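model17.csv follows (CSV, C-alpha atoms):
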```
chain,number,residue,atom,x,y,z
A,1,MET,CA,69.5,112.3,124.6
A,2,PRO,CA,69.0,108.6,123.7
A,3,THR,CA,66.0,106.8,125.0
A,4,THR,CA,66.9,104.1,127.6
A,5,LEU,CA,66.8,100.7,125.9
A,6,THR,CA,65.2,97.7,127.6
A,7,PRO,CA,64.8,94.2,126.2
A,8,ALA,CA,61.1,94.9,125.6
A,9,LEU,CA,61.7,98.1,123.7
A,10,PHE,CA,64.4,96.4,121.7
A,11,HIS,CA,62.0,93.8,120.5
A,12,GLN,CA,59.4,96.4,119.7
A,13,LEU,CA,61.8,98.1,117.3
A,14,LEU,CA,62.2,94.9,115.3
A,15,ARG,CA,59.2,95.4,113.0
A,16,PRO,CA,58.3,93.1,110.0
A,17,GLY,CA,59.7,94.4,106.8
A,18,SER,CA,62.5,96.3,108.5
A,19,ARG,CA,66.2,96.1,107.6
A,20,VAL,CA,68.8,96.0,110.4
A,21,TYR,CA,72.5,96.5,110.2
A,22,ALA,CA,74.5,94.3,112.6
A,23,PRO,CA,78.3,94.7,112.5
A,24,GLY,CA,80.8,91.9,112.4
A,25,CYS,CA,84.1,91.1,114.2
A,26,ALA,CA,84.1,92.5,117.7
A,27,GLY,CA,81.6,95.1,116.8
A,28,HIS,CA,79.0,92.3,117.2
A,29,SER,CA,77.2,92.8,120.6
A,30,LEU,CA,76.8,89.6,122.5
A,31,LEU,CA,74.2,91.4,124.6
A,32,PHE,CA,71.9,92.1,121.6
A,33,GLN,CA,72.5,88.5,120.5
A,34,ALA,CA,71.3,87.2,123.8
A,35,TRP,CA,68.2,89.4,123.6
A,36,LEU,CA,67.4,88.1,120.1
A,37,GLN,CA,67.8,84.5,121.2
A,38,THR,CA,65.5,85.0,124.2
A,39,HIS,CA,62.6,86.0,122.0
A,40,PRO,CA,63.4,85.0,118.5
A,41,ALA,CA,59.8,85.3,117.3
A,42,GLN,CA,60.1,89.0,117.7
A,43,ALA,CA,62.5,89.1,114.7
A,44,ALA,CA,60.0,87.6,112.3
A,45,GLY,CA,59.9,89.5,109.0
A,46,VAL,CA,63.2,91.3,109.7
A,47,THR,CA,66.2,91.2,107.4
A,48,PHE,CA,69.6,91.5,109.0
A,49,SER,CA,72.7,92.5,107.1
A,50,GLY,CA,76.4,92.6,108.1
A,51,VAL,CA,79.9,91.6,107.2
A,52,TRP,CA,80.2,88.5,109.4
A,53,ILE,CA,83.6,86.8,109.4
A,54,PRO,CA,83.9,83.0,109.1
A,55,GLY,CA,85.4,81.5,112.3
A,56,VAL,CA,84.6,84.7,114.2
A,57,ASN,CA,81.0,85.7,113.9
A,58,THR,CA,79.2,82.4,114.4
A,59,PHE,CA,75.7,83.6,115.2
A,60,ASP,CA,73.2,83.0,112.4
A,61,PHE,CA,70.7,85.9,112.4
A,62,ALA,CA,68.6,84.1,109.8
A,63,GLY,CA,68.4,81.1,112.1
A,64,LEU,CA,66.2,82.9,114.6
A,65,GLY,CA,63.2,81.6,112.7
A,66,ASP,CA,61.7,80.6,109.3
A,67,ALA,CA,60.4,84.2,108.8
A,68,CYS,CA,63.8,85.8,109.4
A,69,ARG,CA,66.2,86.7,106.6
A,70,ALA,CA,69.8,87.8,106.5
A,71,GLU,CA,72.3,88.9,103.8
A,72,GLY,CA,76.0,88.8,104.2
A,73,PHE,CA,79.3,88.9,102.3
A,74,PHE,CA,81.0,85.7,103.5
A,75,MET,CA,79.8,82.1,103.7
A,76,SER,CA,80.5,79.9,106.8
A,77,PRO,CA,79.5,76.5,108.2
A,78,GLN,CA,77.2,78.3,110.6
A,79,LEU,CA,75.2,79.9,107.8
A,80,ARG,CA,75.0,76.9,105.6
A,81,ALA,CA,71.6,75.7,106.9
A,82,SER,CA,70.0,79.1,106.4
A,83,TYR,CA,71.6,79.4,103.0
A,84,ASP,CA,70.2,76.1,101.9
A,85,ALA,CA,66.8,77.0,103.2
A,86,GLY,CA,66.7,80.3,101.3
A,87,ARG,CA,66.9,82.5,104.4
A,88,PHE,CA,70.4,83.7,103.9
A,89,ASP,CA,71.6,85.5,100.8
A,90,TYR,CA,75.3,85.6,100.0
A,91,LEU,CA,76.4,88.7,98.1
A,92,PRO,CA,79.8,88.3,96.3
A,93,MET,CA,81.1,91.9,96.5
A,94,HIS,CA,84.6,93.4,97.0
A,95,TYR,CA,85.1,95.3,100.2
A,96,ASN,CA,85.8,98.6,98.5
A,97,ALA,CA,82.3,98.3,96.9
A,98,LEU,CA,80.5,97.8,100.2
A,99,PRO,CA,80.5,101.3,101.7
A,100,ALA,CA,78.4,102.6,98.7
A,101,TYR,CA,76.1,99.7,99.0
A,102,LEU,CA,75.6,99.8,102.7
A,103,GLY,CA,75.3,103.6,102.8
A,104,GLN,CA,72.5,104.0,100.3
A,105,ALA,CA,69.9,106.4,101.7
A,106,GLY,CA,67.1,104.5,103.5
A,107,HIS,CA,69.0,101.1,103.1
A,108,PHE,CA,68.7,100.4,106.9
A,109,ASP,CA,66.0,101.2,109.4
A,110,LEU,CA,68.1,100.3,112.4
A,111,ALA,CA,71.8,99.9,113.2
A,112,LEU,CA,72.8,97.8,116.1
A,113,VAL,CA,76.2,99.1,117.3
A,114,GLN,CA,78.5,98.4,120.2
A,115,VAL,CA,80.5,101.4,121.3
A,116,ALA,CA,82.7,102.8,124.1
A,117,PRO,CA,81.1,105.1,126.7
A,118,PRO,CA,81.0,108.8,125.7
A,119,ASP,CA,84.1,110.9,126.2
A,120,GLY,CA,84.2,114.4,127.6
A,121,ASP,CA,83.1,115.8,124.2
A,122,GLY,CA,80.1,113.5,124.1
A,123,ASN,CA,81.4,111.1,121.5
A,124,CYS,CA,81.2,107.3,121.6
A,125,SER,CA,84.2,105.6,119.9
A,126,LEU,CA,83.6,102.7,117.6
A,127,GLY,CA,86.6,101.2,119.3
A,128,ILE,CA,88.0,98.1,117.7
A,129,ALA,CA,85.4,97.8,114.9
A,130,ALA,CA,85.5,100.8,112.6
A,131,ASP,CA,85.3,99.0,109.3
A,132,PHE,CA,81.7,99.2,107.9
A,133,THR,CA,79.6,100.9,110.6
A,134,PRO,CA,80.3,104.4,109.3
A,135,ALA,CA,79.0,103.5,105.9
A,136,ALA,CA,75.9,101.8,107.4
A,137,LEU,CA,75.1,104.9,109.5
A,138,ALA,CA,75.3,107.1,106.4
A,139,SER,CA,72.0,105.3,105.3
A,140,GLY,CA,70.1,107.3,108.0
A,141,ALA,CA,69.4,104.3,110.2
A,142,ARG,CA,68.3,104.9,113.7
A,143,ILE,CA,71.2,104.0,116.0
A,144,VAL,CA,70.6,101.4,118.7
A,145,ALA,CA,73.7,101.3,120.9
A,146,HIS,CA,75.1,98.9,123.4
A,147,ILE,CA,77.4,101.1,125.5
A,148,ASN,CA,80.0,98.7,126.7
A,149,PRO,CA,82.7,99.8,129.1
A,150,ARG,CA,84.9,97.0,127.9
A,151,MET,CA,85.1,98.5,124.4
A,152,PRO,CA,88.3,100.5,124.2
A,153,ARG,CA,88.2,104.2,123.2
A,154,THR,CA,90.4,104.3,120.1
A,155,ARG,CA,91.7,106.8,117.6
A,156,GLY,CA,89.2,106.6,114.8
A,157,PRO,CA,85.5,107.0,114.0
A,158,HIS,CA,83.0,107.8,116.7
A,159,ILE,CA,79.2,108.4,117.1
A,160,ALA,CA,77.9,111.5,118.8
A,161,TRP,CA,75.9,110.7,121.9
A,162,ARG,CA,73.2,113.0,120.7
A,163,ASP,CA,72.8,111.0,117.5
A,164,ILE,CA,72.0,107.8,119.3
A,165,ALA,CA,68.3,107.0,119.3
A,166,TYR,CA,68.3,104.2,121.9
A,167,ALA,CA,71.1,103.1,124.3
A,168,VAL,CA,71.7,100.6,127.0
A,169,GLU,CA,74.9,100.5,129.1
A,170,ALA,CA,76.0,97.0,130.0
A,171,ASP,CA,79.4,95.4,130.9
A,172,HIS,CA,79.6,92.5,128.6
A,173,PRO,CA,82.5,90.5,127.1
A,174,LEU,CA,83.8,91.4,123.7
A,175,LEU,CA,84.4,88.7,121.0
A,176,THR,CA,87.9,87.5,121.2
A,177,LEU,CA,90.1,85.2,119.1
A,178,GLU,CA,93.4,83.7,120.2
A,179,ASP,CA,96.2,83.3,117.7
A,180,GLU,CA,97.0,79.7,117.1
A,181,THR,CA,100.6,78.3,117.4
A,182,PRO,CA,101.8,77.8,113.8
A,183,ASP,CA,102.6,74.2,112.8
A,184,PRO,CA,106.0,73.5,111.0
A,185,VAL,CA,104.5,73.9,107.5
A,186,LEU,CA,103.0,77.2,108.4
A,187,GLN,CA,106.3,78.3,109.9
A,188,ALA,CA,108.1,77.4,106.7
A,189,LEU,CA,105.5,79.2,104.7
A,190,ALA,CA,105.8,82.3,106.8
A,191,SER,CA,109.6,82.2,106.5
A,192,GLN,CA,109.3,82.3,102.7
A,193,VAL,CA,107.0,85.3,103.0
A,194,VAL,CA,109.3,87.2,105.5
A,195,ALA,CA,112.2,86.7,103.1
A,196,ARG,CA,110.4,89.1,100.7
A,197,ILE,CA,109.8,91.9,103.3
A,198,GLY,CA,112.4,94.6,103.6
A,199,ASP,CA,112.8,97.3,106.3
A,200,GLY,CA,110.5,100.3,105.8
A,201,SER,CA,107.7,98.3,104.2
A,202,THR,CA,104.0,98.8,104.9
A,203,LEU,CA,102.3,95.4,105.3
A,204,GLN,CA,98.7,94.2,104.9
A,205,PHE,CA,97.5,90.8,106.1
A,206,GLY,CA,94.5,88.7,105.3
A,207,LEU,CA,92.4,86.7,107.7
A,208,GLY,CA,93.8,83.5,109.2
A,209,LYS,CA,96.8,82.0,110.9
A,210,LEU,CA,99.4,83.3,108.5
A,211,GLN,CA,99.2,86.9,109.9
A,212,ALA,CA,100.3,85.7,113.4
A,213,ALA,CA,103.1,83.5,112.0
A,214,VAL,CA,104.6,86.2,109.8
A,215,LEU,CA,104.3,88.9,112.5
A,216,GLY,CA,106.1,86.6,114.9
A,217,MET,CA,109.1,86.5,112.6
A,218,LEU,CA,109.5,90.2,111.9
A,219,GLY,CA,111.0,91.3,115.2
A,220,GLY,CA,114.4,91.9,113.6
A,221,HIS,CA,113.0,94.3,111.0
A,222,ARG,CA,112.9,98.0,111.4
A,223,GLY,CA,110.7,100.9,110.2
A,224,LEU,CA,107.7,98.7,109.4
A,225,ARG,CA,104.2,100.0,109.1
A,226,ILE,CA,100.9,98.1,108.9
A,227,HIS,CA,97.9,99.2,106.8
A,228,SER,CA,95.4,96.4,106.9
A,229,GLY,CA,91.7,95.5,107.3
A,230,MET,CA,92.5,93.6,110.5
A,231,VAL,CA,95.2,93.3,113.1
A,232,SER,CA,95.6,90.4,115.5
A,233,THR,CA,97.2,89.7,118.9
A,234,ALA,CA,100.6,89.1,117.3
A,235,LEU,CA,100.7,92.9,116.8
A,236,CYS,CA,101.6,93.3,120.5
A,237,GLY,CA,104.8,91.3,120.2
A,238,LEU,CA,105.8,93.2,117.0
A,239,ALA,CA,105.3,96.5,118.8
A,240,ASP,CA,107.4,95.3,121.7
A,241,SER,CA,110.2,94.2,119.4
A,242,GLY,CA,110.9,97.7,118.1
A,243,ALA,CA,110.2,96.7,114.5
A,244,LEU,CA,107.5,99.3,113.9
A,245,ALA,CA,108.2,102.8,112.7
A,246,THR,CA,107.9,105.6,115.2
A,247,PRO,CA,104.8,107.9,115.0
A,248,GLY,CA,105.4,110.9,112.7
A,249,PRO,CA,103.7,113.1,110.2
A,250,GLN,CA,102.1,110.1,108.7
A,251,GLY,CA,100.5,109.3,112.0
A,252,PRO,CA,100.9,106.1,114.1
A,253,PRO,CA,102.6,103.1,112.5
A,254,VAL,CA,99.4,101.0,112.3
A,255,THR,CA,96.2,101.7,110.4
A,256,ALA,CA,93.4,99.1,110.6
A,257,GLY,CA,89.7,98.7,110.2
A,258,VAL,CA,89.3,96.2,113.1
A,259,ALA,CA,91.3,94.5,115.8
A,260,LEU,CA,90.4,90.9,116.6
A,261,GLY,CA,92.3,89.0,119.2
A,262,SER,CA,92.9,88.9,122.9
A,263,GLU,CA,91.9,91.4,125.7
A,264,ALA,CA,95.5,92.3,125.9
A,265,LEU,CA,95.4,93.4,122.2
A,266,TYR,CA,92.3,95.4,122.9
A,267,ARG,CA,94.0,97.3,125.7
A,268,ARG,CA,97.1,97.9,123.5
A,269,VAL,CA,95.3,99.3,120.5
A,270,ALA,CA,93.7,102.0,122.6
A,271,ASP,CA,97.1,103.8,122.4
A,272,PRO,CA,96.6,106.5,119.7
A,273,GLN,CA,100.4,106.6,119.1
A,274,LEU,CA,100.3,102.9,118.0
A,275,VAL,CA,97.0,102.4,116.0
A,276,ARG,CA,94.6,104.5,114.0
A,277,PHE,CA,91.3,102.9,113.1
A,278,ALA,CA,89.7,103.8,109.8
A,279,PRO,CA,86.7,102.7,107.8
A,280,VAL,CA,86.9,100.5,104.7
A,281,SER,CA,86.2,103.5,102.6
A,282,HIS,CA,89.8,104.6,103.5
A,283,THR,CA,91.6,101.3,104.2
A,284,HIS,CA,90.6,99.6,101.0
A,285,ALA,CA,90.4,102.7,98.7
A,286,PRO,CA,92.5,102.3,95.5
A,287,ALA,CA,93.8,105.8,95.8
A,288,THR,CA,94.9,105.2,99.4
A,289,LEU,CA,96.7,102.0,98.6
A,290,ALA,CA,98.4,103.4,95.5
A,291,GLY,CA,99.8,106.2,97.6
A,292,ILE,CA,101.6,104.0,100.0
A,293,GLU,CA,105.3,103.4,99.3
A,294,ARG,CA,106.5,99.8,99.4
A,295,PHE,CA,103.1,98.4,100.2
A,296,ILE,CA,103.2,94.6,100.5
A,297,SER,CA,99.9,92.7,100.6
A,298,ILE,CA,100.1,89.2,102.2
A,299,ASN,CA,97.0,87.0,101.7
A,300,SER,CA,96.2,83.3,101.9
A,301,ALA,CA,94.9,81.2,99.0
A,302,LEU,CA,93.2,77.8,98.8
A,303,ASN,CA,94.3,76.8,95.3
A,304,VAL,CA,96.4,78.2,92.5
A,305,ASP,CA,96.5,76.8,89.0
A,306,LEU,CA,99.4,76.7,86.5
A,307,LEU,CA,98.1,79.8,84.8
A,308,GLY,CA,98.4,81.8,88.0
A,309,GLN,CA,94.7,82.0,88.7
A,310,VAL,CA,93.9,82.0,92.5
A,311,ASN,CA,90.9,80.6,94.4
A,312,GLY,CA,90.4,81.9,97.9
A,313,GLU,CA,86.7,81.2,98.4
A,314,THR,CA,85.6,77.6,97.5
A,315,LEU,CA,86.4,74.1,98.4
A,316,ASN,CA,85.1,71.2,96.2
A,317,GLY,CA,82.8,73.7,94.5
A,318,ARG,CA,81.1,75.0,97.7
A,319,GLN,CA,81.4,78.5,98.9
A,320,VAL,CA,83.3,78.5,102.2
A,321,SER,CA,84.4,82.1,102.5
A,322,GLY,CA,83.8,85.3,100.5
A,323,VAL,CA,85.4,87.8,98.2
A,324,GLY,CA,86.4,90.1,101.0
A,325,GLY,CA,89.2,92.6,100.5
A,326,MET,CA,91.9,90.4,99.0
A,327,LEU,CA,91.7,91.6,95.4
A,328,ASP,CA,91.4,95.3,96.6
A,329,PHE,CA,94.8,94.8,98.4
A,330,VAL,CA,96.4,92.7,95.6
A,331,ARG,CA,95.6,95.5,93.1
A,332,GLY,CA,96.6,98.2,95.5
A,333,ALA,CA,100.0,96.6,96.0
A,334,ARG,CA,100.5,96.5,92.2
A,335,GLN,CA,99.8,100.3,92.1
A,336,SER,CA,102.2,101.1,94.9
A,337,HIS,CA,105.7,102.3,94.1
A,338,GLN,CA,107.9,99.3,94.8
A,339,GLY,CA,104.8,97.4,96.1
A,340,LEU,CA,104.3,93.7,95.9
A,341,SER,CA,101.4,91.3,96.3
A,342,ILE,CA,102.1,87.9,98.0
A,343,LEU,CA,99.6,85.1,97.8
A,344,ALA,CA,100.6,82.2,100.1
A,345,LEU,CA,99.4,78.7,100.6
A,346,PRO,CA,100.7,75.3,101.8
A,347,ALA,CA,101.7,73.2,98.9
A,348,THR,CA,99.4,70.3,99.9
A,349,ALA,CA,96.2,69.5,101.8
A,350,ARG,CA,94.7,66.4,103.3
A,351,ASN,CA,97.9,65.3,105.1
A,352,GLY,CA,100.0,65.7,101.9
A,353,THR,CA,97.7,63.6,99.7
A,354,LEU,CA,96.4,66.5,97.6
A,355,SER,CA,98.3,69.2,95.8
A,356,ARG,CA,97.0,72.8,96.2
A,357,ILE,CA,98.7,73.8,93.0
A,358,VAL,CA,96.5,72.4,90.3
A,359,PRO,CA,96.6,72.2,86.5
A,360,ILE,CA,93.6,74.4,86.0
A,361,LEU,CA,90.9,75.8,88.3
A,362,HIS,CA,87.4,74.5,87.8
A,363,GLY,CA,85.2,77.0,89.5
A,364,LEU,CA,85.5,80.5,90.9
A,365,VAL,CA,88.6,82.6,90.4
A,366,SER,CA,89.2,85.1,93.3
A,367,VAL,CA,92.4,86.7,91.8
A,368,PRO,CA,92.8,86.6,88.0
A,369,ARG,CA,96.1,85.6,86.6
A,370,THR,CA,96.7,89.1,85.4
A,371,ASP,CA,96.7,90.4,89.0
A,372,ALA,CA,98.9,87.7,90.6
A,373,ASP,CA,102.5,88.8,91.5
A,374,CYS,CA,104.2,86.3,93.8
A,375,ILE,CA,102.8,82.9,94.8
A,376,VAL,CA,104.5,81.4,97.8
A,377,THR,CA,104.5,77.9,99.3
A,378,GLU,CA,106.9,76.4,101.9
A,379,TYR,CA,109.0,75.3,98.9
A,380,GLY,CA,109.7,78.8,97.6
A,381,CYS,CA,108.4,81.7,95.7
A,382,ALA,CA,107.1,81.9,92.1
A,383,ASP,CA,107.4,85.5,90.9
A,384,LEU,CA,105.0,85.6,88.1
A,385,ARG,CA,105.5,89.2,87.1
A,386,HIS,CA,106.7,89.5,83.5
A,387,LEU,CA,106.7,85.7,82.9
A,388,GLY,CA,105.2,84.2,79.8
A,389,VAL,CA,102.5,81.5,80.1
A,390,ALA,CA,105.0,78.5,80.0
A,391,GLY,CA,107.3,80.4,82.4
A,392,ARG,CA,104.5,80.8,84.9
A,393,ALA,CA,103.8,77.1,84.8
A,394,ARG,CA,107.4,76.2,85.3
A,395,ALA,CA,107.8,78.5,88.3
A,396,LEU,CA,104.6,77.2,89.9
A,397,ILE,CA,105.6,73.6,89.4
A,398,ASP,CA,108.9,74.3,91.0
A,399,ILE,CA,107.2,75.4,94.3
A,400,ALA,CA,104.7,72.5,94.3
A,401,ALA,CA,105.3,69.6,96.6
A,402,PRO,CA,107.9,67.4,95.0
A,403,ALA,CA,105.6,64.4,94.9
A,404,PHE,CA,103.3,66.2,92.5
A,405,ARG,CA,105.7,68.1,90.2
A,406,GLU,CA,105.9,65.5,87.5
A,407,GLN,CA,102.1,65.0,87.5
A,408,LEU,CA,101.6,68.7,87.1
A,409,ALA,CA,104.2,68.9,84.3
A,410,ALA,CA,102.5,66.0,82.5
A,411,ALA,CA,99.1,67.7,82.8
A,412,TRP,CA,100.5,71.0,81.4
A,413,ARG,CA,102.1,69.2,78.5
A,414,SER,CA,98.9,67.4,77.6
A,415,GLN,CA,96.9,70.7,77.7
A,416,CYS,CA,99.2,73.3,76.6
A,417,GLY,CA,102.4,71.8,75.0
A,418,GLN,CA,106.0,72.0,76.1
A,419,LEU,CA,107.1,73.7,79.2
```
Here is the file; what I need is its structure written in the form of structure tokens.
Amino acid sequence: MPTTLTPALFHQLLRPGSRVYAPGCAGHSLLFQAWLQTHPAQAAGVTFSGVWIPGVNTFDFAGLGDACRAEGFFMSPQLRASYDAGRFDYLPMHYNALPAYLGQAGHFDLALVQVAPPDGDGNCSLGIAADFTPAALASGARIVAHINPRMPRTRGPHIAWRDIAYAVEADHPLLTLEDETPDPVLQALASQVVARIGDGSTLQFGLGKLQAAVLGMLGGHRGLRIHSGMVSTALCGLADSGALATPGPQGPPVTAGVALGSEALYRRVADPQLVRFAPVSHTHAPATLAGIERFISINSALNVDLLGQVNGETLNGRQVSGVGGMLDFVRGARQSHQGLSILALPATARNGTLSRIVPILHGLVSVPRTDADCIVTEYGCADLRHLGVAGRARALIDIAAPAFREQLAAAWRSQCGQL
């Protein structure tokens, strides 16, 4: 049986030199966060590690004090001060490499988890955050659990009650994130993406607004399945529309690592006939993705150059996000029979004054040109598969904002010759 956890005991467990896993997305416990903020000095000498998502997980563990440290796999504005001070270490790693890293024997001393109350078999569901916690627990960490009755019991990974070392039951809000209403440019961009999705496809979506915009336009499709790292509130409308495949031998129509959205979404994904949750070791595994027929990956980009190189991590040379699972899914879609990778971005930034299609990237490349299939803007789709170098440039210039096309063509001619 777990030992009853109190704030005092919680702080005693945080010993200098220890390494603590703290999950991201809605696996993050706001109760444990409050306890840490009440007595931040108790975390001195501790290193926290987790996959904290920009725009979602805004708490800076390394900001608890000068003697605290943290490591993560995304950069965000909330982590910038700790990064600049040397307290936060950003690790550029693909998602499919993280389970082996997090699960190394002895890697973590403690794992702070938020789970559903135990079921009749004595198992606590990981609920809506099944992505990386199973890997971290494989390290042998002692499990410190927030048993939250608001965490839905879902079809997916769980923790046996007997394996929990310390537990506290407390009704506490889960992290939520509302889908934003897409602006006209995003709607036009989503329309271009939807035009490339056929009935019976299996879809993957990256982080951000594009997922909600595309899902909102798929109600007329049929037989769709979703295999993604994350699902958002827009899933509810898609399920109501009848666009999703019916449960069958393959299981429910949706497989995801996490759900992040509204409380209505969290209630909905508790339906085992709708969603199966799975760890990243499954959702992002090359063999898993290669075995999915008509797998279409849909991810957002920040910049694309005329060679087809894609940047999804930096702005003006500064890290603003992370490697994440984008390249895992891009390559998985290329291995899928009749699969397709779509990388989407608005054609301009800064109120139309800056082209997001550029002559050449100067900085990090998130997706090499050899992996890029289709680049989509609100002006159309550049299918780069089987095109030569000049053909790629022409196709990308054709989907740039009209005001920048001649400028891009001139830059190409000066660097590489005729189009």
### Query
Residues at most 12 Å from A:His146, counting all atoms listed in the file, excluding those fewer than 2 positions away in the same chain, as number ranges by chain?
A: 2, 4-7, 10, 22, 27-33, 35, 111-118, 124-126, 143-144, 148-151, 161, 164-174
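Interatomic distance, atom CA of A:Ser232 against atom CA of A:Asp199: 20.7 Å.
Put simply, atom CA of A:Leu238 is 5.8 Å away from atom CA of A:Gly219.
Excluding A:Leu364 itself and same-chain residues fewer than 3 positions from it, the residues having an atom within 10 Å of it are Gln309, Val310, Asn311, Gly312, Glu313, Thr314, Leu315, Gly317, Arg318, Gln319, Leu361, Val367 and Pro368 of chain A, counting all atoms listed in the file.
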### Query
Residues at most 9 Å from A:Ala333, counting all atoms listed in the file, excluding those fewer than 3 positions away in the same chain, as a PyMOL selection string?
chain A and resi 289-290+292+294-297+328-330+336-341
Selection above as a file: C-alpha atoms, as a PDB file, in the coordinates of the input:
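Now in selection_29.pdb:
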```
ATOM      1  CA  LEU A 289      96.700 102.000  98.600  1.00  0.00           C
ATOM      2  CA  ALA A 290      98.400 103.400  95.500  1.00  0.00           C
ATOM      3  CA  ILE A 292     101.600 104.000 100.000  1.00  0.00           C
ATOM      4  CA  ARG A 294     106.500  99.800  99.400  1.00  0.00           C
ATOM      5  CA  PHE A 295     103.100  98.400 100.200  1.00  0.00           C
ATOM      6  CA  ILE A 296     103.200  94.600 100.500  1.00  0.00           C
ATOM      7  CA  SER A 297      99.900  92.700 100.600  1.00  0.00           C
ATOM      8  CA  ASP A 328      91.400  95.300  96.600  1.00  0.00           C
ATOM      9  CA  PHE A 329      94.800  94.800  98.400  1.00  0.00           C
ATOM     10  CA  VAL A 330      96.400  92.700  95.600  1.00  0.00           C
ATOM     11  CA  SER A 336     102.200 101.100  94.900  1.00  0.00           C
ATOM     12  CA  HIS A 337     105.700 102.300  94.100  1.00  0.00           C
ATOM     13  CA  GLN A 338     107.900  99.300  94.800  1.00  0.00           C
ATOM     14  CA  GLY A 339     104.800  97.400  96.100  1.00  0.00           C
ATOM     15  CA  LEU A 340     104.300  93.700  95.900  1.00  0.00           C
ATOM     16  CA  SER A 341     101.400  91.300  96.300  1.00  0.00           C
TER      17      SER A 341
END
```
### Task
For atom CA of A:His107 and atom CA of A:Ala141, determine how far apart the two atoms are, in Å to one decimal place.
7.8 Å
For A:Gln415, please output as an mmCIF file with C-alpha atoms, keeping the file's coordinate frame all residues within 12 Å (counting all atoms listed in the file; exclusion window: fewer than 5 positions along the same chain).
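The result, stored in around_7.cif:
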```
data_model
loop_
_atom_site.group_PDB
_atom_site.id
_atom_site.type_symbol
_atom_site.label_atom_id
_atom_site.label_comp_id
_atom_site.auth_asym_id
_atom_site.auth_seq_id
_atom_site.Cartn_x
_atom_site.Cartn_y
_atom_site.Cartn_z
ATOM 1 C CA LEU A 306 99.400 76.700 86.500
ATOM 2 C CA LEU A 307 98.100 79.800 84.800
ATOM 3 C CA PRO A 359 96.600 72.200 86.500
ATOM 4 C CA ILE A 360 93.600 74.400 86.000
ATOM 5 C CA ALA A 390 105.000 78.500 80.000
ATOM 6 C CA ALA A 393 103.800 77.100 84.800
ATOM 7 C CA LEU A 408 101.600 68.700 87.100
ATOM 8 C CA ALA A 409 104.200 68.900 84.300
ATOM 9 C CA ALA A 410 102.500 66.000 82.500
#
```
### Residue contacts of A:Leu110 (10 Å, all atoms listed in the file) excluding same-chain residues fewer than 4 positions away, as an MDAnalysis selection string
chainID A and resid 13:14 18:22 48 106 136:137 139:144 165
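Comparing the minimum interatomic distances between A:Ala372 and each of A:Leu343, A:Ala245, A:Ala411, A:Ala41, counting all atoms listed in the file, we find that A:Leu343 sits nearest.
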Residues of stretch 86-190 of chain A that approach stretch 254-268 of chain A to 9 Å or less, counting only C-alpha atoms: could you list each one with the shortest pair of atoms and its distance in Å to one decimal, rows by chain and increasing residue number, as a Markdown table?
```
| residue | atom | partner | partner_atom | distance |
| --- | --- | --- | --- | --- |
| A:Gly127 | CA | A:Val258 | CA | 8.4 |
| A:Ile128 | CA | A:Val258 | CA | 5.1 |
| A:Ala129 | CA | A:Val258 | CA | 4.6 |
| A:Ala130 | CA | A:Gly257 | CA | 5.3 |
| A:Asp131 | CA | A:Gly257 | CA | 4.5 |
| A:Phe132 | CA | A:Gly257 | CA | 8.3 |
| A:Met151 | CA | A:Tyr266 | CA | 8.0 |
| A:Pro152 | CA | A:Tyr266 | CA | 6.6 |
| A:Leu174 | CA | A:Glu263 | CA | 8.3 |
| A:Leu175 | CA | A:Leu260 | CA | 7.8 |
| A:Thr176 | CA | A:Gly261 | CA | 5.1 |
| A:Leu177 | CA | A:Gly261 | CA | 4.4 |
| A:Glu178 | CA | A:Gly261 | CA | 5.5 |
| A:Asp179 | CA | A:Gly261 | CA | 7.1 |
```
Restricting it to C-alpha atoms, dump the selection as an mmCIF file, in the coordinates of the input.
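Written file, result-v7.cif:
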```
data_model
loop_
_atom_site.group_PDB
_atom_site.id
_atom_site.type_symbol
_atom_site.label_atom_id
_atom_site.label_comp_id
_atom_site.auth_asym_id
_atom_site.auth_seq_id
_atom_site.Cartn_x
_atom_site.Cartn_y
_atom_site.Cartn_z
ATOM 1 C CA GLY A 127 86.600 101.200 119.300
ATOM 2 C CA ILE A 128 88.000 98.100 117.700
ATOM 3 C CA ALA A 129 85.400 97.800 114.900
ATOM 4 C CA ALA A 130 85.500 100.800 112.600
ATOM 5 C CA ASP A 131 85.300 99.000 109.300
ATOM 6 C CA PHE A 132 81.700 99.200 107.900
ATOM 7 C CA MET A 151 85.100 98.500 124.400
ATOM 8 C CA PRO A 152 88.300 100.500 124.200
ATOM 9 C CA LEU A 174 83.800 91.400 123.700
ATOM 10 C CA LEU A 175 84.400 88.700 121.000
ATOM 11 C CA THR A 176 87.900 87.500 121.200
ATOM 12 C CA LEU A 177 90.100 85.200 119.100
ATOM 13 C CA GLU A 178 93.400 83.700 120.200
ATOM 14 C CA ASP A 179 96.200 83.300 117.700
#
```
